[in-house]
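*Asks:* The structure's right below; bear with me while I get my questions together.
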Amino acid sequence: MEFRILGPVRVRVGGTAVPVDGAKQRTVLAALLLSGGRVLSDDRLSELLWGPTPPPTRTAQLYTYVSRLRKRCGPWLRTERRGNGYAMDVGGARYDWDEFRRLSEQGRTALTSGHYATAADRLTAALALWHGPALSDVTGRLAEAELPRLEEARIAAVQNRIEAELALGRHAQSVPELTRLVAEHPLRETLRCQLMTALYRCDRQADALAVYERGRRALRDELGVDPGAALRRVHRELLTGELTGPAAAPKAVTLGRGAGGGAAAGPGPGRATAAGPPPADIWAGLVPAMLPPDIADFTGRAQPLAELGTALADPHGTGGIVLTGAPGTGTSALAVHAAHRCRAAFPHGQLYADLRAEDGTPKDPSDVLGWFLRALGTGPHDLPAALDERAQLYRSRLAGRRALVVLDNAVEDRQVRPLLTVGDGCRTLVTSHSPLTSVEGVRLVRLGPLDAAEARGLLAAVAGTERVAAEPEAAGRIVERCDGLPLALRICAARLAAQPQWRLAHLANRLVPVDRLLGELSLGSLDVRAALRRSHVRLAADARHAFRALAHRYAAAFTARDAAAELRWSEASAEDALDSLTTARLLELSAEGDRLEYRFPSLVRQFAREQDAAEPELTGFPGPALVA
């Protein structure tokens with residue numbers, strides 16, 4: 001199945017044309033294709049078809065047009081009624097506008113990375129998809145609304161292709177095309193710069209100067225402005241003889257490991273030298289696929305998984321999605337699993353970064369932006385130094401794309417803000433133990449412990465269904481000792497899988513002694529104590545003191561007034577410390593009528609009691625507001 005809008009609107013199946021008769025029928029098809037899977041309302045379709053005065057039968061006519069499309073395009077085209085509009089999914093069909101954008105982006109990426117031959121090839125292939133003026137047989141209203149952006153994309157691809165060809169020394173063959181393009185677009189300074197460069201390299205300096213002068217007059221007469229910095233620079237270098245030759249000989253740049261020769265015609269950044277071509281960029285032409293491997297035995301979490309799927313698939317969603325839960329609740333695993341499930345909805349790539357260092361400190365968002373920009377095709381020498389510039393370039397790179405960004409283990413809001421995407425095409429999924437509600441516009445998805453059925457399911461998925469079914473009582477004890485914490489349950493299940501001779505009762509008995517509990521919940525890189533420590537280490541001294549003191553005192557629920565009395569602090573100071581602990585998800589908060597109650601999960605309480613030996617300097621810590 002093939003859809004074309006870069007020229008007359010056409011549909012083909014297996015090389016055979018499918019009739020799409022009438023300008024209005026073609027307008028409905030093209031408008032739905034250009035919506036990119038988003039819902040196009042009846043009002044918008046009506047405006048594109050009839051303008052401000054639609055006929056009384058507009059709803060019936062719209063239904064007829066869509067019905068004809070469904071009938072003629074068969075099972076290859078999925079058009080659905082959603083709310084007060086229609087949405088179209090082309091599935092695996094070939095769509096020339098999508099293909100053009102993909103090839104153009106690959107060409108632009110190769111160009112910025114110095115792979116000129118690859119850039120020229122990709123951009124030539126992209127432009128070959130145009131079969132005349134786009135949308136040439138639809139209503140004037142649709143053409144007026146959509147044609148400018150299509151034409152702008154085409155001209156940008158033409159400019160990039162010519163830039164690559166000039167870098168390869170193909171200036172002589174570029175002159176005729178550039179002469180025509182400058183005549184058609186006299187105010188486009190990039191094209192004029194390229195024509196001046198090509199003429200100069202063809203030993204036509206006088207003609208190049210005349211091109212500049214005509215451009216200067218056109219800008220003054222039509223816009224009342226002087227030439228821009230780039231055009232003035234080319235003019236100055238032309239006069240002084242400093243205008244350089246091609247950046248690389250045709251054979252000097254390849255998309256690979258880059259041996260081979262070809263000296264540059266002129267010095268400068270990004271140009272080949274006598275030592276050989278610039279090193280190949282390993283990201284050139286790649287679509288970022290940075291997600292960690294999916295978890296094959298992922299179990300449970302049906303409700304939050306469905307909520308994440310809905311949020312990620314929402315074509316009109318804005319802002320980020322924050323998945324938050326206590327340490328060990330599996331926010332990272334759920335985020336990665338959900339991201340893999342919706343990969344097909346983000347054809348322009350998936351970016352991933354763990355925002356937390358090994359010691360629990362936050363990674364610098366500027367460094368993360370550097371990784372992302374490299375993956376999106378920015379050359380290492382083109383990375384801006386300032387954080388704001390990197391963030392602006394990052395969002396510009398993602399503009400018009402459908403990409404998914406997963407920010408794992410965010411420690412604080414300042415990390416997340418520069419990395420949030422904008423627009424309908426991209427989505428950002430963040431995991432954090434803090435809810436990050438200070439970040440504007442985020443949608444919060446909270447994750448709690450697994451219920452008993454989900455916990456048993458996780459044990460069975462890793463340790464074996466038959467083993468768990470054979471010892472239901474022992475399985476129940478393991479689930480209870482793990483507090484429904486997915487990390488703890490996975491550790492237990494992995495230990496059982498590694499020790500097939502163990503009975504579940506044997507492991508359950510090993511979890512009974514309180515002083516051994518956290519030690520048993522460790523296997524390789526999986527460690528409950530380490531997960532809790534990463535949250536604990538970021539607490540202020542008063543919150544750490546309250547954490548251990550209250551854990552020794554309370555095994556059941558308590559109030560802020562209870563905590564203040566135990567700590568001998570003012571109630572306001574006790575509430576501040578409790579707020580810090582609940583934000584770090586080391587304390588659970590619930591409401592009983594008008595009263596707020598706090599409770600330590602059992603594994604967290606045991607970890608807090610271990611801190612006497614770990615932090616002796618806090619013994620006798622008075623707190624911020626000692627009560628007389």
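A note on labels: chains of the structure tokens are A, B, ... as shown, every chain counts residues from 1, and ligands are counted from 1 in their shown order.
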Can you pull out every residue within 8 Å of Arg561 in chain A, counting only C-alpha atoms, but drop anything in the same chain fewer than 2 positions away, and send it as a short mmCIF file (atom, residue, chain, number, x, y, z; two decimals) with all heavy atoms, in the first residue's frame?

*Replies:*
data_model
loop_
_atom_site.label_atom_id
_atom_site.label_comp_id
_atom_site.auth_asym_id
_atom_site.auth_seq_id
_atom_site.Cartn_x
_atom_site.Cartn_y
_atom_site.Cartn_z
N THR A 559 1.37 9.86 64.65
CA THR A 559 1.02 11.18 64.12
C THR A 559 2.21 12.12 64.27
O THR A 559 3.22 11.80 64.92
CB THR A 559 -0.18 11.77 64.85
OG1 THR A 559 0.20 12.01 66.23
CG2 THR A 559 -1.37 10.82 64.81
N ALA A 563 5.32 12.13 66.94
CA ALA A 563 6.72 12.27 66.56
C ALA A 563 7.37 13.44 67.30
O ALA A 563 8.52 13.34 67.77
CB ALA A 563 6.83 12.48 65.06
N ALA A 564 6.66 14.56 67.42
CA ALA A 564 7.21 15.72 68.12
C ALA A 564 7.51 15.39 69.58
O ALA A 564 8.55 15.78 70.12
CB ALA A 564 6.24 16.89 68.03
N ALA A 565 6.60 14.65 70.22
CA ALA A 565 6.82 14.27 71.61
C ALA A 565 8.01 13.34 71.75
O ALA A 565 8.83 13.48 72.68
CB ALA A 565 5.56 13.60 72.17
N GLU A 571 6.13 20.73 67.06
CA GLU A 571 5.34 19.95 66.11
C GLU A 571 5.63 20.40 64.68
O GLU A 571 5.66 19.58 63.75
CB GLU A 571 3.85 20.08 66.41
CG GLU A 571 2.99 19.12 65.62
CD GLU A 571 1.56 19.05 66.12
OE1 GLU A 571 1.31 19.45 67.28
OE2 GLU A 571 0.70 18.60 65.34
N ALA A 574 8.84 18.77 63.59
CA ALA A 574 8.60 17.35 63.35
C ALA A 574 7.88 17.14 62.02
O ALA A 574 8.22 16.22 61.25
CB ALA A 574 7.80 16.75 64.50
#

*Asks:* Find the spatial neighbours of Gln415 in chain A, counting only C-alpha atoms, within a cut-off of 8 Å - ignore same-chain residues fewer than 3 positions away - and output them as a PyMOL selection string.

*Replies:* chain A and resi 355+362-365+410-412+418-419

*Asks:* One decimal, in Å: what's the spacing between CA of Thr310 in chain A and CA of Phe100 in chain A?

*Replies:* 29.0 Å

*Asks:* What does the structure give for the distance between CA of Glu213 in chain A and CA of Glu163 in chain A, in Å to one decimal?

*Replies:*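 Here the two named atoms are 21.7 Å from each other.
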
*Asks:* Would you give me, as an mmCIF file with N, CA and C atoms, in the first residue's frame, the residues in range 280-485 of chain A that DSSP reads as strand (DSSP E or B)?

*Replies:*
data_model
loop_
_atom_site.group_PDB
_atom_site.id
_atom_site.type_symbol
_atom_site.label_atom_id
_atom_site.label_comp_id
_atom_site.auth_asym_id
_atom_site.auth_seq_id
_atom_site.Cartn_x
_atom_site.Cartn_y
_atom_site.Cartn_z
ATOM 1 N N ALA A 289 17.947 4.200 19.531
ATOM 2 C CA ALA A 289 17.211 3.105 20.181
ATOM 3 C C ALA A 289 17.949 2.798 21.473
ATOM 4 N N GLY A 320 5.270 16.173 30.784
ATOM 5 C CA GLY A 320 5.856 14.868 31.019
ATOM 6 C C GLY A 320 4.948 13.981 31.841
ATOM 7 N N ILE A 321 5.316 12.711 31.895
ATOM 8 C CA ILE A 321 4.631 11.730 32.734
ATOM 9 C C ILE A 321 5.629 11.285 33.783
ATOM 10 N N VAL A 322 5.308 11.447 35.042
ATOM 11 C CA VAL A 322 6.206 11.072 36.129
ATOM 12 C C VAL A 322 5.662 9.819 36.798
ATOM 13 N N LEU A 323 6.447 8.758 36.768
ATOM 14 C CA LEU A 323 6.117 7.499 37.435
ATOM 15 C C LEU A 323 6.893 7.481 38.742
ATOM 16 N N THR A 324 6.185 7.526 39.855
ATOM 17 C CA THR A 324 6.849 7.662 41.149
ATOM 18 C C THR A 324 6.458 6.535 42.084
ATOM 19 N N GLY A 325 7.410 6.118 42.897
ATOM 20 C CA GLY A 325 7.176 5.057 43.870
ATOM 21 C C GLY A 325 8.339 4.992 44.845
ATOM 22 N N GLN A 350 13.960 6.332 20.399
ATOM 23 C CA GLN A 350 13.729 6.328 21.836
ATOM 24 C C GLN A 350 15.051 6.688 22.512
ATOM 25 N N LEU A 351 15.019 7.760 23.298
ATOM 26 C CA LEU A 351 16.186 8.213 24.050
ATOM 27 C C LEU A 351 16.032 7.778 25.500
ATOM 28 N N TYR A 352 17.143 7.386 26.127
ATOM 29 C CA TYR A 352 17.083 6.922 27.516
ATOM 30 C C TYR A 352 18.322 7.420 28.251
ATOM 31 N N ALA A 353 18.126 7.830 29.504
ATOM 32 C CA ALA A 353 19.253 8.188 30.365
ATOM 33 C C ALA A 353 18.885 7.894 31.812
ATOM 34 N N ASP A 354 19.846 7.329 32.555
ATOM 35 C CA ASP A 354 19.718 7.178 34.001
ATOM 36 C C ASP A 354 20.271 8.464 34.612
ATOM 37 N N ARG A 356 20.703 9.250 37.688
ATOM 38 C CA ARG A 356 21.315 9.110 39.016
ATOM 39 C C ARG A 356 22.658 8.403 38.895
ATOM 40 N N PRO A 362 22.776 13.378 41.735
ATOM 41 C CA PRO A 362 22.164 13.628 40.413
ATOM 42 C C PRO A 362 23.211 13.891 39.343
ATOM 43 N N LEU A 404 10.327 9.160 21.810
ATOM 44 C CA LEU A 404 10.054 8.919 23.226
ATOM 45 C C LEU A 404 11.340 9.140 24.010
ATOM 46 N N VAL A 405 11.244 9.892 25.099
ATOM 47 C CA VAL A 405 12.382 10.161 25.970
ATOM 48 C C VAL A 405 12.075 9.577 27.350
ATOM 49 N N VAL A 406 12.933 8.679 27.827
ATOM 50 C CA VAL A 406 12.770 8.077 29.151
ATOM 51 C C VAL A 406 13.887 8.587 30.047
ATOM 52 N N LEU A 407 13.513 9.283 31.112
ATOM 53 C CA LEU A 407 14.458 9.828 32.078
ATOM 54 C C LEU A 407 14.301 9.027 33.365
ATOM 55 N N ASP A 408 15.237 8.138 33.630
ATOM 56 C CA ASP A 408 15.122 7.192 34.730
ATOM 57 C C ASP A 408 15.820 7.725 35.976
ATOM 58 N N ARG A 427 7.021 12.398 23.582
ATOM 59 C CA ARG A 427 6.553 12.200 24.954
ATOM 60 C C ARG A 427 7.762 11.969 25.848
ATOM 61 N N THR A 428 7.669 12.411 27.102
ATOM 62 C CA THR A 428 8.734 12.241 28.082
ATOM 63 C C THR A 428 8.194 11.458 29.272
ATOM 64 N N LEU A 429 8.858 10.357 29.602
ATOM 65 C CA LEU A 429 8.479 9.519 30.739
ATOM 66 C C LEU A 429 9.607 9.581 31.760
ATOM 67 N N VAL A 430 9.270 9.999 32.978
ATOM 68 C CA VAL A 430 10.253 10.200 34.035
ATOM 69 C C VAL A 430 9.950 9.236 35.175
ATOM 70 N N THR A 431 10.989 8.627 35.762
ATOM 71 C CA THR A 431 10.805 7.863 36.996
ATOM 72 C C THR A 431 11.564 8.567 38.114
ATOM 73 N N SER A 432 10.972 8.580 39.290
ATOM 74 C CA SER A 432 11.598 9.254 40.428
ATOM 75 C C SER A 432 10.934 8.787 41.715
ATOM 76 N N ARG A 443 2.066 14.751 34.425
ATOM 77 C CA ARG A 443 1.002 13.829 34.824
ATOM 78 C C ARG A 443 1.617 12.788 35.742
ATOM 79 N N LEU A 444 1.048 12.615 36.922
ATOM 80 C CA LEU A 444 1.634 11.758 37.951
ATOM 81 C C LEU A 444 0.985 10.379 37.932
ATOM 82 N N VAL A 445 1.811 9.334 37.895
ATOM 83 C CA VAL A 445 1.351 7.952 38.028
ATOM 84 C C VAL A 445 2.080 7.360 39.233
ATOM 85 N N ARG A 446 1.316 7.020 40.274
ATOM 86 C CA ARG A 446 1.916 6.531 41.528
ATOM 87 C C ARG A 446 1.968 5.007 41.532
ATOM 88 N N LEU A 447 3.052 4.473 42.075
ATOM 89 C CA LEU A 447 3.262 3.031 42.127
ATOM 90 C C LEU A 447 3.426 2.610 43.580
#

*Asks:* Pick the closest to Val604 in chain A from A:Leu383, A:Val439, A:Ala555, A:Leu567: which is it, counting only C-alpha atoms?

*Replies:*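 The shortest atom-to-atom distance to Val604 in chain A comes from A:Ala555.
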